[in-house]
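Notes follow once the structure below has been shown.
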Amino acid sequence: MSGLFDDFRSEFSKPNNTLVQLILVNTVVYLAVVILYVASHVLKATAVYNLVIENLAIPASLGAFLHRPWTLMTHIFAHEEIFHILFNMLFLYWFGRLIDEYLGSRRLVGLYIMGGIAGGLFYLAMYNLVPYFQEQIMGSQMLGASAAALSVAVGAATLLPNYTFHLLFFGPVRIKYIVFFFVVLSFAQSVGPNAGGNIAHLGGALMGFFYVKLLQNGTDLGRPIYWLVDGWSNLFRPKPAVKVSYRQRSNASAQGSVYASPSGSPSSMSTPDQDEVDTILDKISRSGYESLTREEKQKLFRASQRNS
C-alpha cells in the first residue's frame with residue numbers, strides 16, 4: 001500500500017504531468033467515495049454518505065446551490081459509478097493529450113475547470129429558467145467530470161479538427177466528427193432520464209469551443225484559473241532558504257531573473273518565424289501531426305495566433 005502512495009506522490013512531483021494528475025485526482029476522489037459508500041452501508045450509517053455526496057454534487061435548485069456554492073467546483077472531480085469515471089477519464093486522456101501538447105499544461109487545467117464550471121452554470125440556468133426542467137428540480141443534483149472532459153474534447157477538435165484517431169472497427173476518423181457525434185448525442189438526450197448531465201455536457205462543449213477560438217484571437221479565458229492554481233500550488237511549495245550574495249549584478253540581469261517566465265510556459269517562447277513554420281509544415285506533410293515534438297506543436301499554434 002505504501003508503494004501505491006509513493007507512486008501517486010511521484011506522479012505529482014513530475015513536471016509537465018498535469019494530465020495524469022487530473023486523472024489521479026478524479027481517481028482518488030472516486031476511491032474515497034466508494035470506500036465511504038461501502039463503510040456507510042456496512043455500519044448502517046448511510047446518512048453520512050448521503051451528506052458527503054450532497055456536499056460534492058451541484059444541486060439543481062438555485063436556493064440549495066446558494067447554500068453550497070463550492071459544489072460548482074467539487075462536482076467536477078467526483079463520481080459514484082465506475083463506468084462514469086472510466087469513460088470520462090478515457091475521454092479526458094485521449095483529447096487532453098492534444099491540448100497538453102499544443103497549448104501546454106496550464107491551458108489544459110484552465111480548459112478542464114472552465115468547462116466544468118460552464119457545465120454547472122448551464123445546468124443551473126436551464127433547470128431554473130426553463131419550465132420543462134423546473135418540474136424536475138426538486139431533489140435533482142449532478143456529479144461528474146463529463147462537462148469538463150467534453151470541454152477538453154471540443155477544444156481539441158476546434159484547435160485540430162482534422163487530427164485523426166484510429167478507432168476499433170471504424171479505422172481512421174477525424175476528431176471533429178467524433179466530437180460532433182457526442183455533442184449531438186448529448187443534445188438528443190437532454191430531455192431524457194439524465195437530462196441534467198447532458199445539459200451540462202452542452203455547456204462544457206460551448207466553453208471548449210469559445211475558449212480555443214478566443215485563445216486563437218489572443219484572449220485567454222483561463223487566466224483567473226491559472227492565478228488560483230498557482231496560488232494553491234505556492235501554499236504547499238517549500239520556500240528556498242534565503243542566501244546572501246555579495247556579487248554585484250547589473251540591473252538588466254536582475255530584472256530578467258524577476259520577470260522570467262517558467263520554462264515551457266507560453267509567455268516564455270517567442271513567435272516562430274516563417275522559415276520555422278515552413279519546416280514544421282513540411283514535416284507534417286511527410287510524417288503527419290503525430291511526428292511533431294511538443295515544442296513544434298506549440299510553435300505551430302503560436303504561428304496560427306499571429307496569422308489570425
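Ordering of the C-alpha cells sets the chain letters (A, B, ...); residue numbers start at 1 within each chain; ligands are numbered from 1 in the order shown.
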*Spatial neighbours of region 185-190 of chain A, 10 Å, only C-alpha atoms, chain gap at least 4 places, as a VMD selection string*: chain A and resid 179 to 181 194 to 202 205
With N, CA and C atoms kept, could you save the residues just selected as a short mmCIF file (atom, residue, chain, number, x, y, z; two decimals), in the first residue's frame?
```
data_model
loop_
_atom_site.label_atom_id
_atom_site.label_comp_id
_atom_site.auth_asym_id
_atom_site.auth_seq_id
_atom_site.Cartn_x
_atom_site.Cartn_y
_atom_site.Cartn_z
N VAL A 179 -16.23 14.23 -31.98
CA VAL A 179 -16.77 15.19 -31.01
C VAL A 179 -18.16 15.64 -31.42
N PHE A 180 -18.37 15.86 -32.70
CA PHE A 180 -19.69 16.27 -33.18
C PHE A 180 -20.74 15.21 -32.83
N PHE A 181 -20.38 13.94 -32.95
CA PHE A 181 -21.30 12.86 -32.60
C PHE A 181 -21.72 12.94 -31.13
N ASN A 194 -31.35 11.33 -17.95
CA ASN A 194 -30.14 12.03 -17.48
C ASN A 194 -30.05 13.40 -18.11
N ALA A 195 -31.17 14.13 -18.09
CA ALA A 195 -31.23 15.43 -18.75
C ALA A 195 -30.20 16.40 -18.18
N GLY A 196 -30.06 16.42 -16.86
CA GLY A 196 -29.15 17.37 -16.24
C GLY A 196 -27.71 17.18 -16.69
N GLY A 197 -27.27 15.92 -16.71
CA GLY A 197 -25.90 15.64 -17.14
C GLY A 197 -25.66 16.04 -18.57
N ASN A 198 -26.62 15.76 -19.45
CA ASN A 198 -26.46 16.09 -20.86
C ASN A 198 -26.53 17.60 -21.11
N ILE A 199 -27.32 18.30 -20.31
CA ILE A 199 -27.35 19.76 -20.41
C ILE A 199 -25.98 20.33 -20.03
N ALA A 200 -25.39 19.77 -18.97
CA ALA A 200 -24.05 20.21 -18.57
C ALA A 200 -23.03 19.93 -19.66
N HIS A 201 -23.18 18.78 -20.36
CA HIS A 201 -22.28 18.48 -21.48
C HIS A 201 -22.29 19.60 -22.50
N LEU A 202 -23.48 20.10 -22.80
CA LEU A 202 -23.61 21.16 -23.82
C LEU A 202 -22.94 22.45 -23.34
N ALA A 205 -19.29 21.92 -23.76
CA ALA A 205 -18.93 21.95 -25.18
C ALA A 205 -18.82 23.39 -25.68
#
```
*Mind checking which residues fall within 12 Å of Leu86 (chain A), counting only C-alpha atoms, ignoring those fewer than 5 positions away in the same chain, and posting them as a VMD selection string?*
chain A and resid 23 to 24 26 to 27 30 79 to 81 91 to 93 144 to 146 149
Selected residues written out with all heavy atoms, as a compact mmCIF listing (two decimals), in the first residue's frame:
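As written to disk, selection35.txt reads:
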```txt
# COMPACT_ATOMS: atom_id res chain seq x y z
N ILE A 23 -6.28 13.09 -13.83
CA ILE A 23 -6.89 11.76 -13.79
C ILE A 23 -6.73 11.14 -12.40
O ILE A 23 -7.67 10.52 -11.86
CB ILE A 23 -6.28 10.87 -14.87
CG1 ILE A 23 -6.67 11.39 -16.26
CG2 ILE A 23 -6.75 9.42 -14.71
CD1 ILE A 23 -5.98 10.69 -17.41
N LEU A 24 -5.57 11.33 -11.78
CA LEU A 24 -5.33 10.77 -10.45
C LEU A 24 -6.23 11.42 -9.40
O LEU A 24 -6.73 10.73 -8.51
CB LEU A 24 -3.86 10.94 -10.07
CG LEU A 24 -2.88 9.96 -10.69
CD1 LEU A 24 -1.46 10.29 -10.26
CD2 LEU A 24 -3.22 8.53 -10.31
N ASN A 26 -9.23 12.67 -9.84
CA ASN A 26 -10.55 12.08 -10.02
C ASN A 26 -10.60 10.64 -9.50
O ASN A 26 -11.59 10.24 -8.88
CB ASN A 26 -10.92 12.09 -11.51
CG ASN A 26 -11.48 13.42 -11.97
OD1 ASN A 26 -12.67 13.69 -11.86
ND2 ASN A 26 -10.61 14.27 -12.50
N THR A 27 -9.53 9.90 -9.72
CA THR A 27 -9.49 8.51 -9.28
C THR A 27 -9.47 8.40 -7.76
O THR A 27 -10.18 7.58 -7.17
CB THR A 27 -8.26 7.80 -9.87
OG1 THR A 27 -8.30 7.89 -11.30
CG2 THR A 27 -8.22 6.34 -9.46
N TYR A 30 -12.85 9.26 -6.39
CA TYR A 30 -13.77 8.15 -6.64
C TYR A 30 -13.55 7.01 -5.64
O TYR A 30 -14.51 6.45 -5.09
CB TYR A 30 -13.60 7.63 -8.06
CG TYR A 30 -14.32 6.33 -8.31
CD1 TYR A 30 -15.71 6.29 -8.41
CD2 TYR A 30 -13.62 5.13 -8.39
CE1 TYR A 30 -16.38 5.09 -8.60
CE2 TYR A 30 -14.28 3.93 -8.58
CZ TYR A 30 -15.66 3.90 -8.68
OH TYR A 30 -16.32 2.72 -8.87
N HIS A 79 -17.19 11.21 -8.71
CA HIS A 79 -18.03 10.25 -9.42
C HIS A 79 -18.51 9.19 -8.44
O HIS A 79 -17.84 8.90 -7.44
CB HIS A 79 -17.26 9.56 -10.55
CG HIS A 79 -16.73 10.48 -11.60
ND1 HIS A 79 -15.57 11.24 -11.41
CD2 HIS A 79 -17.17 10.77 -12.85
CE1 HIS A 79 -15.34 11.95 -12.49
NE2 HIS A 79 -16.28 11.70 -13.37
N GLU A 80 -19.65 8.60 -8.75
CA GLU A 80 -20.17 7.50 -7.94
C GLU A 80 -20.09 6.16 -8.66
O GLU A 80 -20.01 5.11 -8.02
CB GLU A 80 -21.63 7.77 -7.56
CG GLU A 80 -21.83 8.83 -6.51
CD GLU A 80 -23.28 8.94 -6.08
OE1 GLU A 80 -24.10 9.50 -6.84
OE2 GLU A 80 -23.61 8.44 -4.98
N GLU A 81 -20.13 6.16 -9.99
CA GLU A 81 -20.20 4.92 -10.75
C GLU A 81 -18.91 4.67 -11.52
O GLU A 81 -18.31 5.60 -12.07
CB GLU A 81 -21.38 4.98 -11.73
CG GLU A 81 -22.72 5.16 -11.04
CD GLU A 81 -23.85 5.33 -12.04
OE1 GLU A 81 -23.59 5.24 -13.25
OE2 GLU A 81 -25.00 5.55 -11.60
N PHE A 91 -11.89 9.74 -22.12
CA PHE A 91 -12.16 10.90 -22.98
C PHE A 91 -11.15 12.01 -22.67
O PHE A 91 -10.58 12.63 -23.58
CB PHE A 91 -13.59 11.39 -22.73
CG PHE A 91 -14.33 11.77 -23.98
CD1 PHE A 91 -14.58 10.83 -24.95
CD2 PHE A 91 -14.80 13.06 -24.17
CE1 PHE A 91 -15.28 11.16 -26.11
CE2 PHE A 91 -15.50 13.41 -25.31
CZ PHE A 91 -15.74 12.45 -26.29
N LEU A 92 -10.95 12.27 -21.38
CA LEU A 92 -10.01 13.30 -20.98
C LEU A 92 -8.60 12.97 -21.43
O LEU A 92 -7.85 13.84 -21.90
CB LEU A 92 -10.05 13.46 -19.45
CG LEU A 92 -9.05 14.45 -18.85
CD1 LEU A 92 -9.29 15.86 -19.37
CD2 LEU A 92 -9.14 14.42 -17.32
N TYR A 93 -8.21 11.71 -21.32
CA TYR A 93 -6.84 11.32 -21.71
C TYR A 93 -6.63 11.46 -23.21
O TYR A 93 -5.64 12.04 -23.65
CB TYR A 93 -6.58 9.88 -21.27
CG TYR A 93 -5.21 9.39 -21.69
CD1 TYR A 93 -4.06 9.83 -21.02
CD2 TYR A 93 -5.07 8.52 -22.76
CE1 TYR A 93 -2.80 9.40 -21.42
CE2 TYR A 93 -3.80 8.09 -23.17
CZ TYR A 93 -2.68 8.54 -22.49
OH TYR A 93 -1.44 8.12 -22.90
N GLY A 144 -19.94 14.60 -11.48
CA GLY A 144 -19.11 14.01 -12.52
C GLY A 144 -18.38 15.03 -13.37
O GLY A 144 -18.74 16.20 -13.43
N ALA A 145 -17.36 14.54 -14.07
CA ALA A 145 -16.47 15.40 -14.86
C ALA A 145 -16.84 15.40 -16.34
O ALA A 145 -16.01 15.80 -17.17
CB ALA A 145 -15.03 14.94 -14.69
N SER A 146 -18.05 14.97 -16.68
CA SER A 146 -18.41 14.84 -18.10
C SER A 146 -18.32 16.17 -18.84
O SER A 146 -17.81 16.23 -19.96
CB SER A 146 -19.83 14.27 -18.23
OG SER A 146 -19.93 13.01 -17.62
N ALA A 149 -14.64 17.08 -19.31
CA ALA A 149 -13.98 16.24 -20.30
C ALA A 149 -14.45 16.57 -21.72
O ALA A 149 -13.64 16.62 -22.66
CB ALA A 149 -14.26 14.76 -20.00
```
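Here the DSSP assignment of strand (DSSP E), based on backbone atoms, applies within region 39-278 of chain A to Ile58, Pro59, Gln141, Met142, Thr164, Phe165, His166, Leu167, Gly171, Pro172, Val173 and Arg174 of chain A.
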Can you write just those residues out, N, CA and C atoms, as a PDB file, in the first residue's frame?
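Result file out.pdb:
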```pdb
ATOM      1  N   ILE A  58     -23.553  19.207  -7.384  1.00  0.00           N
ATOM      2  CA  ILE A  58     -24.182  20.510  -7.552  1.00  0.00           C
ATOM      3  C   ILE A  58     -25.700  20.332  -7.655  1.00  0.00           C
ATOM      4  N   PRO A  59     -26.492  21.003  -6.800  1.00  0.00           N
ATOM      5  CA  PRO A  59     -27.950  20.835  -6.827  1.00  0.00           C
ATOM      6  C   PRO A  59     -28.579  21.662  -7.939  1.00  0.00           C
ATOM      7  N   GLN A 141     -29.687  16.631  -8.650  1.00  0.00           N
ATOM      8  CA  GLN A 141     -28.323  17.091  -8.453  1.00  0.00           C
ATOM      9  C   GLN A 141     -27.416  16.398  -9.463  1.00  0.00           C
ATOM     10  N   MET A 142     -26.220  16.926  -9.654  1.00  0.00           N
ATOM     11  CA  MET A 142     -25.342  16.429 -10.707  1.00  0.00           C
ATOM     12  C   MET A 142     -23.935  16.225 -10.165  1.00  0.00           C
ATOM     13  N   THR A 164      -6.500  12.889 -36.629  1.00  0.00           N
ATOM     14  CA  THR A 164      -7.151  11.595 -36.825  1.00  0.00           C
ATOM     15  C   THR A 164      -6.886  10.642 -35.672  1.00  0.00           C
ATOM     16  N   PHE A 165      -7.957  10.027 -35.170  1.00  0.00           N
ATOM     17  CA  PHE A 165      -7.860   8.916 -34.234  1.00  0.00           C
ATOM     18  C   PHE A 165      -8.156   7.621 -34.996  1.00  0.00           C
ATOM     19  N   HIS A 166      -7.457   6.564 -34.654  1.00  0.00           N
ATOM     20  CA  HIS A 166      -7.719   5.258 -35.279  1.00  0.00           C
ATOM     21  C   HIS A 166      -8.593   4.449 -34.321  1.00  0.00           C
ATOM     22  N   LEU A 167      -9.859   4.315 -34.663  1.00  0.00           N
ATOM     23  CA  LEU A 167     -10.835   3.661 -33.804  1.00  0.00           C
ATOM     24  C   LEU A 167     -11.037   2.206 -34.196  1.00  0.00           C
ATOM     25  N   GLY A 171     -11.627   2.389 -38.012  1.00  0.00           N
ATOM     26  CA  GLY A 171     -10.430   2.862 -38.676  1.00  0.00           C
ATOM     27  C   GLY A 171     -10.163   4.321 -38.378  1.00  0.00           C
ATOM     28  N   PRO A 172      -9.455   5.033 -39.269  1.00  0.00           N
ATOM     29  CA  PRO A 172      -9.125   6.445 -39.024  1.00  0.00           C
ATOM     30  C   PRO A 172     -10.355   7.350 -39.113  1.00  0.00           C
ATOM     31  N   VAL A 173     -10.573   8.153 -38.085  1.00  0.00           N
ATOM     32  CA  VAL A 173     -11.698   9.086 -38.045  1.00  0.00           C
ATOM     33  C   VAL A 173     -11.181  10.425 -37.538  1.00  0.00           C
ATOM     34  N   ARG A 174     -11.542  11.508 -38.210  1.00  0.00           N
ATOM     35  CA  ARG A 174     -11.133  12.833 -37.760  1.00  0.00           C
ATOM     36  C   ARG A 174     -11.868  13.188 -36.470  1.00  0.00           C
TER      37      ARG A 174
END
```
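Using only C-alpha atoms, the shortest contact distance between Pro193 (chain A) and any of A:Phe133, A:Tyr112, A:Tyr49, A:Tyr177 is found at A:Phe133.
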*Which one of A:Val38, A:Leu43, A:Leu111, A:Ala57 sits closest to His75 (chain A) if you count only C-alpha atoms?*
A:Ala57
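Nearest-residue note for Ala125 (chain A): choosing from A:Val184, A:Ile225, A:Ile137, A:Ile85, the minimum distance belongs to A:Ile137, counting only C-alpha atoms.
Going from CA of Glu54 (chain A) to CA of Gly119 (chain A) covers 18.0 Å.
Using only C-alpha atoms for every distance, the candidate list A:Thr74, A:Asn88, A:Thr158, A:Gln134 yields A:Thr74 as the residue closest to Ile117 (chain A).
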*In Å, rounded to a single decimal, give me how far CA of Leu103 (chain A) is from CA of Asp278 (chain A).*
19.6 Å
*as a PyMOL selection string, which residues of region 79-227 of chain A does DSSP assign to helix (DSSP H, G or I)?*
chain A and resi 82-103+105-129+131-134+146-159+175-188+195-216+223-227
*Identify which of the residues A:Gln298, A:Gly222, A:Val34, A:Gly120 lies closest to Ile82 (chain A), counting only C-alpha atoms when measuring atom-to-atom distances.*
A:Val34
